[in-house]
Amino acid sequence: MKFPYVPGVKDYDFGYGHPFRGDRFPKFVRFIRRLGAPIEIIDPVGEPPTFQDLLRVHDKGYLDKLIEMSRKGFGLISLDTPAFKGMWEASLSLVYSALSAIRVALREGSSLGFGGAHHAGVREGGGFCLINDVAVAARWAQSQGVDRVLIFDHDAHHGNGTMEIFYEDDSVLYVSLHQDPATIYPGVGFLHQVGRGKGEGYTVNVPLPPKAGPESYKIAIEELVVPITESFDADLVIAHGGSDPHYSDPLTNLGQTIEGLWELGGWASSLKSKSKVNLLISGYNEEIRNWGWLALSYGFMGEVLPKDPREVDGSPEIEDDRVIRRTRALIDEGKKVFSKYWNVRG
Ligand SMILES: [Zn+2]
């Protein structure tokens with residue numbers, strides 16, 4: 001499968017000591033090359049994003065502020081997101097990366113790529129995110145005649161920016177599986193936040209309990225995500241996330257395993273649509289990130305991992321029966337909430 005690579009994404013880097021460093025991207029490219037993975041790294045596709053592309057999503061005042069802060073190289077976007085010199089250009093590289101992957105997927109059916117800055121909202125950044133590349137790419141696709149877009153966000157954190165951008169929109173279905181926001185940043189993404197106006201029912205938040213792992217994900221996806229996305233009938237699926245749902249991630253408390261991430265990649269590719277893309281970005285355990293990203297990618301491609309996943313991470317039993325019972329109760333509640341909008345059995 002093709003993987004367009006924009007080398008400038010390596011400059012998306014909050015500096016020494018920050019959990020988000022830009023070297024994660026070239027490191028993964030080297031990792032898959034060393035493995036001889038059946039992933040074809042290609043040049044960026046089409047033209048870089050224009051200011052106009054960004055304006056489909058973001059407020060002009062906010063973008064102007066980013067340009068200014070990027071030039072000066074100091075200030076705070078939010079407490080966890082310091083400004084750095086060149087962050088504007090680096091953010092554009094990330095948007096170009098997501099756009100390139102979507103151009104490949106629209107042409108060939110599927111693609112891999114880097115991207116997923118889902119905390120960036122209309123007029124504010126945070127959570128290491130400045131420009132919402134996923135939202136910009138989704139709007140770009142719609143400008144090219146793509147009708148219905150499904151965003152399947154499987155990052156451990158909720159995509160508060162993406163939710164805000166599409167909250168009143170019925171042409172973009174936002175589905176997110178994330179750690180219960182009562183226990184983690186960004187503190188929103190609850191089941192009852194379902195969208196507003198004509199967008200009501202088009203935001204599907206699945207706030208999983210801490211320690212939720214492969215079994216919880218399976219229940220949530222099979223019983224809630226699949227029926228909803230089947231009835232939505234997307235023209236394009238943008239799946240995105242990374243290795244931060246893994247049990248070893250230092251910033252989160254979920255219970256995913258390498259095998260579970262592989263299954264998750266498989267679910268992403270099985271969602272009903274003509275074109276699909278899977279974008280990678282998160283993961284704060286350096287030891288496991290490459291394998292987590294590989295697992296998501298191989299699952300998405302329908303390839304078997306080159307090494308037994310239990311050999312990679314040991315796959316301990318993080319998710320016990322109590323966690324699974326909590327997930328089941330959540331999904332039962334979710335079916336009640338969403339049976340009002342979609343063909344799910346309540
Ligand atoms: Zn995350």
# chains A, B, ... in the order shown; residues from 1 in each chain; ligands from 1

$ residues_around --residues "range 333-344 of chain A" --least-positions-apart "4" --cutoff "12 Å" --atoms "only C-alpha atoms" --output "count of residues only"
38

$ residues_around --residues "Arg107 in chain A" --least-positions-apart "2" --cutoff "12 Å" --atoms "only C-alpha atoms" --output "JSON, numbers by chain"
{"A": [2, 45, 46, 100, 101, 102, 103, 104, 105, 109, 110, 111, 141, 236, 274, 275, 276, 277]}

$ closest_atom_pairs --of "chain A" --to "ligand 1" --cutoff "8 Å" --atoms "only C-alpha atoms and all ligand atoms" --output "tab-separated table"
residue	atom	partner	partner_atom_place_in_ligand_line	distance
A:Asp155	CA	ligand 1	1 (Zn)	4.9
A:Ala156	CA	ligand 1	1 (Zn)	4.8
A:His157	CA	ligand 1	1 (Zn)	4.3
A:His158	CA	ligand 1	1 (Zn)	7.4
A:Gly241	CA	ligand 1	1 (Zn)	7.0
A:Gly242	CA	ligand 1	1 (Zn)	7.3
A:Asp244	CA	ligand 1	1 (Zn)	5.7
A:Pro245	CA	ligand 1	1 (Zn)	7.7
A:Thr252	CA	ligand 1	1 (Zn)	7.9
A:Ser282	CA	ligand 1	1 (Zn)	5.3
A:Gly283	CA	ligand 1	1 (Zn)	7.0

$ residues_around --residues "range 5-19 of chain A" --least-positions-apart "2" --cutoff "7 Å" --atoms "only C-alpha atoms" --output "list in words"
Phe3, Arg21, Gly22, Asp23, Phe25, Pro26, Ile41, Ile42, Asp43, Pro44, Pro82, Phe84, Met87, Ala90, Ser91, Ser93, Leu94, Ser97, Gly113 and Tyr284 of chain A

$ write_last_selection --atoms "N, CA, C and O atoms" --output "PDB file, in the first residue's frame"
ATOM      1  N   PHE A   3       2.200   5.069   0.767  1.00  0.00           N
ATOM      2  CA  PHE A   3       2.329   5.901   1.956  1.00  0.00           C
ATOM      3  C   PHE A   3       3.054   7.178   1.544  1.00  0.00           C
ATOM      4  O   PHE A   3       4.282   7.231   1.529  1.00  0.00           O
ATOM      5  N   ARG A  21       7.936  14.830  19.694  1.00  0.00           N
ATOM      6  CA  ARG A  21       9.107  15.207  18.905  1.00  0.00           C
ATOM      7  C   ARG A  21       8.878  14.801  17.446  1.00  0.00           C
ATOM      8  O   ARG A  21       8.212  13.797  17.172  1.00  0.00           O
ATOM      9  N   GLY A  22       9.455  15.573  16.528  1.00  0.00           N
ATOM     10  CA  GLY A  22       9.230  15.337  15.105  1.00  0.00           C
ATOM     11  C   GLY A  22       9.977  14.148  14.533  1.00  0.00           C
ATOM     12  O   GLY A  22       9.652  13.670  13.444  1.00  0.00           O
ATOM     13  N   ASP A  23      10.968  13.647  15.282  1.00  0.00           N
ATOM     14  CA  ASP A  23      11.750  12.531  14.735  1.00  0.00           C
ATOM     15  C   ASP A  23      10.943  11.238  14.655  1.00  0.00           C
ATOM     16  O   ASP A  23      11.360  10.273  14.029  1.00  0.00           O
ATOM     17  N   PHE A  25       8.445  10.639  12.934  1.00  0.00           N
ATOM     18  CA  PHE A  25       8.024  10.340  11.558  1.00  0.00           C
ATOM     19  C   PHE A  25       9.138   9.674  10.736  1.00  0.00           C
ATOM     20  O   PHE A  25       8.938   8.576  10.218  1.00  0.00           O
ATOM     21  N   PRO A  26      10.330  10.336  10.620  1.00  0.00           N
ATOM     22  CA  PRO A  26      11.391   9.649   9.869  1.00  0.00           C
ATOM     23  C   PRO A  26      11.819   8.325  10.511  1.00  0.00           C
ATOM     24  O   PRO A  26      12.212   7.393   9.800  1.00  0.00           O
ATOM     25  N   ILE A  41       6.750   3.890   0.223  1.00  0.00           N
ATOM     26  CA  ILE A  41       6.888   5.314   0.532  1.00  0.00           C
ATOM     27  C   ILE A  41       6.978   6.084  -0.791  1.00  0.00           C
ATOM     28  O   ILE A  41       7.833   5.790  -1.632  1.00  0.00           O
ATOM     29  N   ILE A  42       6.073   7.050  -0.961  1.00  0.00           N
ATOM     30  CA  ILE A  42       6.072   7.836  -2.205  1.00  0.00           C
ATOM     31  C   ILE A  42       6.167   9.330  -1.880  1.00  0.00           C
ATOM     32  O   ILE A  42       5.990   9.732  -0.734  1.00  0.00           O
ATOM     33  N   ASP A  43       6.420  10.132  -2.903  1.00  0.00           N
ATOM     34  CA  ASP A  43       6.479  11.587  -2.725  1.00  0.00           C
ATOM     35  C   ASP A  43       5.079  12.139  -2.432  1.00  0.00           C
ATOM     36  O   ASP A  43       4.082  11.488  -2.734  1.00  0.00           O
ATOM     37  N   PRO A  44       5.019  13.344  -1.862  1.00  0.00           N
ATOM     38  CA  PRO A  44       3.717  13.984  -1.658  1.00  0.00           C
ATOM     39  C   PRO A  44       2.929  14.058  -2.964  1.00  0.00           C
ATOM     40  O   PRO A  44       3.518  14.122  -4.047  1.00  0.00           O
ATOM     41  N   PRO A  82       3.687  24.568  23.440  1.00  0.00           N
ATOM     42  CA  PRO A  82       4.460  25.791  23.240  1.00  0.00           C
ATOM     43  C   PRO A  82       4.634  26.111  21.756  1.00  0.00           C
ATOM     44  O   PRO A  82       4.691  25.204  20.926  1.00  0.00           O
ATOM     45  N   PHE A  84       6.797  27.235  18.540  1.00  0.00           N
ATOM     46  CA  PHE A  84       8.207  27.114  18.156  1.00  0.00           C
ATOM     47  C   PHE A  84       8.399  27.737  16.782  1.00  0.00           C
ATOM     48  O   PHE A  84       7.442  27.847  15.998  1.00  0.00           O
ATOM     49  N   MET A  87       6.757  26.644  13.228  1.00  0.00           N
ATOM     50  CA  MET A  87       5.627  25.721  13.470  1.00  0.00           C
ATOM     51  C   MET A  87       4.542  25.854  12.397  1.00  0.00           C
ATOM     52  O   MET A  87       3.820  24.907  12.130  1.00  0.00           O
ATOM     53  N   ALA A  90       5.719  23.709   9.557  1.00  0.00           N
ATOM     54  CA  ALA A  90       5.646  22.307   9.980  1.00  0.00           C
ATOM     55  C   ALA A  90       4.195  21.816   9.983  1.00  0.00           C
ATOM     56  O   ALA A  90       3.903  20.690   9.558  1.00  0.00           O
ATOM     57  N   SER A  91       3.294  22.685  10.443  1.00  0.00           N
ATOM     58  CA  SER A  91       1.870  22.306  10.446  1.00  0.00           C
ATOM     59  C   SER A  91       1.352  22.127   9.025  1.00  0.00           C
ATOM     60  O   SER A  91       0.557  21.230   8.745  1.00  0.00           O
ATOM     61  N   SER A  93       3.095  21.118   6.555  1.00  0.00           N
ATOM     62  CA  SER A  93       3.606  19.816   6.085  1.00  0.00           C
ATOM     63  C   SER A  93       2.695  18.687   6.543  1.00  0.00           C
ATOM     64  O   SER A  93       2.437  17.728   5.810  1.00  0.00           O
ATOM     65  N   LEU A  94       2.215  18.787   7.784  1.00  0.00           N
ATOM     66  CA  LEU A  94       1.318  17.756   8.295  1.00  0.00           C
ATOM     67  C   LEU A  94      -0.007  17.751   7.516  1.00  0.00           C
ATOM     68  O   LEU A  94      -0.542  16.688   7.182  1.00  0.00           O
ATOM     69  N   SER A  97       0.603  16.209   4.246  1.00  0.00           N
ATOM     70  CA  SER A  97       0.706  14.770   4.408  1.00  0.00           C
ATOM     71  C   SER A  97      -0.685  14.118   4.395  1.00  0.00           C
ATOM     72  O   SER A  97      -0.935  13.144   3.661  1.00  0.00           O
ATOM     73  N   GLY A 113      -0.682   7.086   5.856  1.00  0.00           N
ATOM     74  CA  GLY A 113      -0.009   8.379   5.913  1.00  0.00           C
ATOM     75  C   GLY A 113       0.141   8.859   7.339  1.00  0.00           C
ATOM     76  O   GLY A 113      -0.281   8.193   8.274  1.00  0.00           O
ATOM     77  N   TYR A 284       3.544   7.775  22.828  1.00  0.00           N
ATOM     78  CA  TYR A 284       4.534   8.464  23.655  1.00  0.00           C
ATOM     79  C   TYR A 284       5.472   7.491  24.352  1.00  0.00           C
ATOM     80  O   TYR A 284       6.301   7.892  25.155  1.00  0.00           O
TER      81      TYR A 284
END

$ closest_residue --among "A:Leu99, A:Ile258, A:Ala120, A:Leu92" --to "Ile288 in chain A" --atoms "only C-alpha atoms"
A:Ile258

$ residues_around --residues "Trp291 in chain A" --least-positions-apart "6" --cutoff "9 Å" --atoms "only C-alpha atoms" --output "PyMOL selection string"
chain A and resi 243+258+309+312

$ write_last_selection --atoms "N, CA and C atoms" --output "PDB file, in the first residue's frame"
ATOM      1  N   SER A 243      -0.278   4.878  18.592  1.00  0.00           N
ATOM      2  CA  SER A 243      -0.046   3.807  19.564  1.00  0.00           C
ATOM      3  C   SER A 243      -0.413   4.229  20.982  1.00  0.00           C
ATOM      4  N   ILE A 258      -0.467  -4.831  21.156  1.00  0.00           N
ATOM      5  CA  ILE A 258      -0.066  -4.777  19.744  1.00  0.00           C
ATOM      6  C   ILE A 258      -1.074  -5.558  18.894  1.00  0.00           C
ATOM      7  N   PRO A 309       2.782 -10.796  17.820  1.00  0.00           N
ATOM      8  CA  PRO A 309       2.572  -9.566  18.593  1.00  0.00           C
ATOM      9  C   PRO A 309       2.824  -9.757  20.084  1.00  0.00           C
ATOM     10  N   VAL A 312       6.241  -9.029  20.986  1.00  0.00           N
ATOM     11  CA  VAL A 312       6.619  -7.614  20.985  1.00  0.00           C
ATOM     12  C   VAL A 312       6.315  -6.973  22.335  1.00  0.00           C
TER      13      VAL A 312
END

$ decode --residues "range 312-325 of chain A" --atoms "all heavy atoms" --output "mmCIF file, in the first residue's frame"
data_model
loop_
_atom_site.group_PDB
_atom_site.id
_atom_site.type_symbol
_atom_site.label_atom_id
_atom_site.label_comp_id
_atom_site.auth_asym_id
_atom_site.auth_seq_id
_atom_site.Cartn_x
_atom_site.Cartn_y
_atom_site.Cartn_z
ATOM 1 N N VAL A 312 6.241 -9.029 20.986
ATOM 2 C CA VAL A 312 6.619 -7.614 20.985
ATOM 3 C C VAL A 312 6.315 -6.973 22.335
ATOM 4 O O VAL A 312 7.142 -6.281 22.911
ATOM 5 C CB VAL A 312 5.882 -6.838 19.855
ATOM 6 C CG1 VAL A 312 6.222 -5.363 19.904
ATOM 7 C CG2 VAL A 312 6.225 -7.435 18.492
ATOM 8 N N ASP A 313 5.111 -7.202 22.855
ATOM 9 C CA ASP A 313 4.738 -6.470 24.076
ATOM 10 C C ASP A 313 4.351 -7.351 25.263
ATOM 11 O O ASP A 313 4.000 -6.835 26.320
ATOM 12 C CB ASP A 313 3.605 -5.479 23.782
ATOM 13 C CG ASP A 313 2.281 -6.159 23.457
ATOM 14 O OD1 ASP A 313 2.228 -7.390 23.402
ATOM 15 O OD2 ASP A 313 1.288 -5.436 23.276
ATOM 16 N N GLY A 314 4.382 -8.670 25.089
ATOM 17 C CA GLY A 314 4.035 -9.548 26.194
ATOM 18 C C GLY A 314 2.534 -9.720 26.392
ATOM 19 O O GLY A 314 2.091 -10.671 27.010
ATOM 20 N N SER A 315 1.736 -8.765 25.835
ATOM 21 C CA SER A 315 0.271 -8.801 25.931
ATOM 22 C C SER A 315 -0.266 -9.287 27.276
ATOM 23 O O SER A 315 -0.979 -10.273 27.356
ATOM 24 C CB SER A 315 -0.314 -9.684 24.814
ATOM 25 O OG SER A 315 0.025 -9.139 23.584
ATOM 26 N N PRO A 316 0.036 -8.597 28.365
ATOM 27 C CA PRO A 316 -0.516 -9.022 29.654
ATOM 28 C C PRO A 316 -2.017 -8.753 29.737
ATOM 29 O O PRO A 316 -2.567 -8.000 28.926
ATOM 30 C CB PRO A 316 0.236 -8.140 30.652
ATOM 31 C CG PRO A 316 0.559 -6.913 29.890
ATOM 32 C CD PRO A 316 0.771 -7.346 28.465
ATOM 33 N N GLU A 317 -2.673 -9.379 30.691
ATOM 34 C CA GLU A 317 -4.122 -9.201 30.854
ATOM 35 C C GLU A 317 -4.396 -7.908 31.618
ATOM 36 O O GLU A 317 -4.496 -7.893 32.835
ATOM 37 C CB GLU A 317 -4.720 -10.388 31.609
ATOM 38 C CG GLU A 317 -4.570 -11.724 30.896
ATOM 39 C CD GLU A 317 -5.487 -11.859 29.688
ATOM 40 O OE1 GLU A 317 -6.591 -11.267 29.716
ATOM 41 O OE2 GLU A 317 -5.087 -12.523 28.719
ATOM 42 N N ILE A 318 -4.485 -6.810 30.891
ATOM 43 C CA ILE A 318 -4.736 -5.520 31.519
ATOM 44 C C ILE A 318 -6.240 -5.345 31.746
ATOM 45 O O ILE A 318 -6.691 -4.773 32.720
ATOM 46 C CB ILE A 318 -4.241 -4.380 30.589
ATOM 47 C CG1 ILE A 318 -2.749 -4.530 30.318
ATOM 48 C CG2 ILE A 318 -4.577 -3.009 31.156
ATOM 49 C CD1 ILE A 318 -1.847 -4.245 31.481
ATOM 50 N N GLU A 319 -6.990 -5.887 30.778
ATOM 51 C CA GLU A 319 -8.436 -5.679 30.747
ATOM 52 C C GLU A 319 -9.112 -6.849 31.457
ATOM 53 O O GLU A 319 -9.158 -7.954 30.924
ATOM 54 C CB GLU A 319 -8.823 -5.659 29.255
ATOM 55 C CG GLU A 319 -10.250 -5.439 28.943
ATOM 56 C CD GLU A 319 -10.501 -5.645 27.449
ATOM 57 O OE1 GLU A 319 -9.903 -6.556 26.835
ATOM 58 O OE2 GLU A 319 -11.290 -4.880 26.897
ATOM 59 N N ASP A 320 -9.630 -6.620 32.677
ATOM 60 C CA ASP A 320 -10.286 -7.733 33.388
ATOM 61 C C ASP A 320 -11.801 -7.692 33.154
ATOM 62 O O ASP A 320 -12.314 -6.830 32.435
ATOM 63 C CB ASP A 320 -9.938 -7.715 34.884
ATOM 64 C CG ASP A 320 -10.334 -6.406 35.544
ATOM 65 O OD1 ASP A 320 -11.202 -5.681 34.984
ATOM 66 O OD2 ASP A 320 -9.780 -6.084 36.611
ATOM 67 N N ASP A 321 -12.522 -8.618 33.786
ATOM 68 C CA ASP A 321 -13.976 -8.736 33.566
ATOM 69 C C ASP A 321 -14.729 -7.483 33.983
ATOM 70 O O ASP A 321 -15.730 -7.113 33.373
ATOM 71 C CB ASP A 321 -14.527 -9.936 34.352
ATOM 72 C CG ASP A 321 -14.118 -11.247 33.701
ATOM 73 O OD1 ASP A 321 -13.623 -11.198 32.550
ATOM 74 O OD2 ASP A 321 -14.271 -12.306 34.342
ATOM 75 N N ARG A 322 -14.202 -6.822 35.008
ATOM 76 C CA ARG A 322 -14.874 -5.621 35.495
ATOM 77 C C ARG A 322 -14.850 -4.529 34.402
ATOM 78 O O ARG A 322 -15.837 -3.845 34.163
ATOM 79 C CB ARG A 322 -14.151 -5.126 36.754
ATOM 80 C CG ARG A 322 -14.979 -4.247 37.670
ATOM 81 C CD ARG A 322 -14.154 -3.914 38.918
ATOM 82 N NE ARG A 322 -12.856 -3.353 38.538
ATOM 83 C CZ ARG A 322 -12.630 -2.063 38.334
ATOM 84 N NH1 ARG A 322 -13.598 -1.201 38.497
ATOM 85 N NH2 ARG A 322 -11.428 -1.633 37.976
ATOM 86 N N VAL A 323 -13.711 -4.410 33.730
ATOM 87 C CA VAL A 323 -13.580 -3.427 32.647
ATOM 88 C C VAL A 323 -14.539 -3.780 31.501
ATOM 89 O O VAL A 323 -15.240 -2.914 30.971
ATOM 90 C CB VAL A 323 -12.121 -3.374 32.131
ATOM 91 C CG1 VAL A 323 -12.004 -2.459 30.922
ATOM 92 C CG2 VAL A 323 -11.174 -2.925 33.241
ATOM 93 N N ILE A 324 -14.583 -5.048 31.175
ATOM 94 C CA ILE A 324 -15.451 -5.483 30.067
ATOM 95 C C ILE A 324 -16.923 -5.241 30.417
ATOM 96 O O ILE A 324 -17.704 -4.781 29.573
ATOM 97 C CB ILE A 324 -15.173 -6.963 29.708
ATOM 98 C CG1 ILE A 324 -13.748 -7.077 29.151
ATOM 99 C CG2 ILE A 324 -16.195 -7.485 28.700
ATOM 100 C CD1 ILE A 324 -13.239 -8.487 28.980
ATOM 101 N N ARG A 325 -17.282 -5.478 31.681
ATOM 102 C CA ARG A 325 -18.671 -5.198 32.105
ATOM 103 C C ARG A 325 -18.985 -3.707 31.987
ATOM 104 O O ARG A 325 -20.076 -3.321 31.562
ATOM 105 C CB ARG A 325 -18.898 -5.670 33.550
ATOM 106 C CG ARG A 325 -19.272 -7.161 33.653
ATOM 107 C CD ARG A 325 -19.929 -7.476 35.000
ATOM 108 N NE ARG A 325 -19.093 -7.091 36.137
ATOM 109 C CZ ARG A 325 -18.118 -7.859 36.656
ATOM 110 N NH1 ARG A 325 -17.861 -9.049 36.127
ATOM 111 N NH2 ARG A 325 -17.399 -7.444 37.686
#
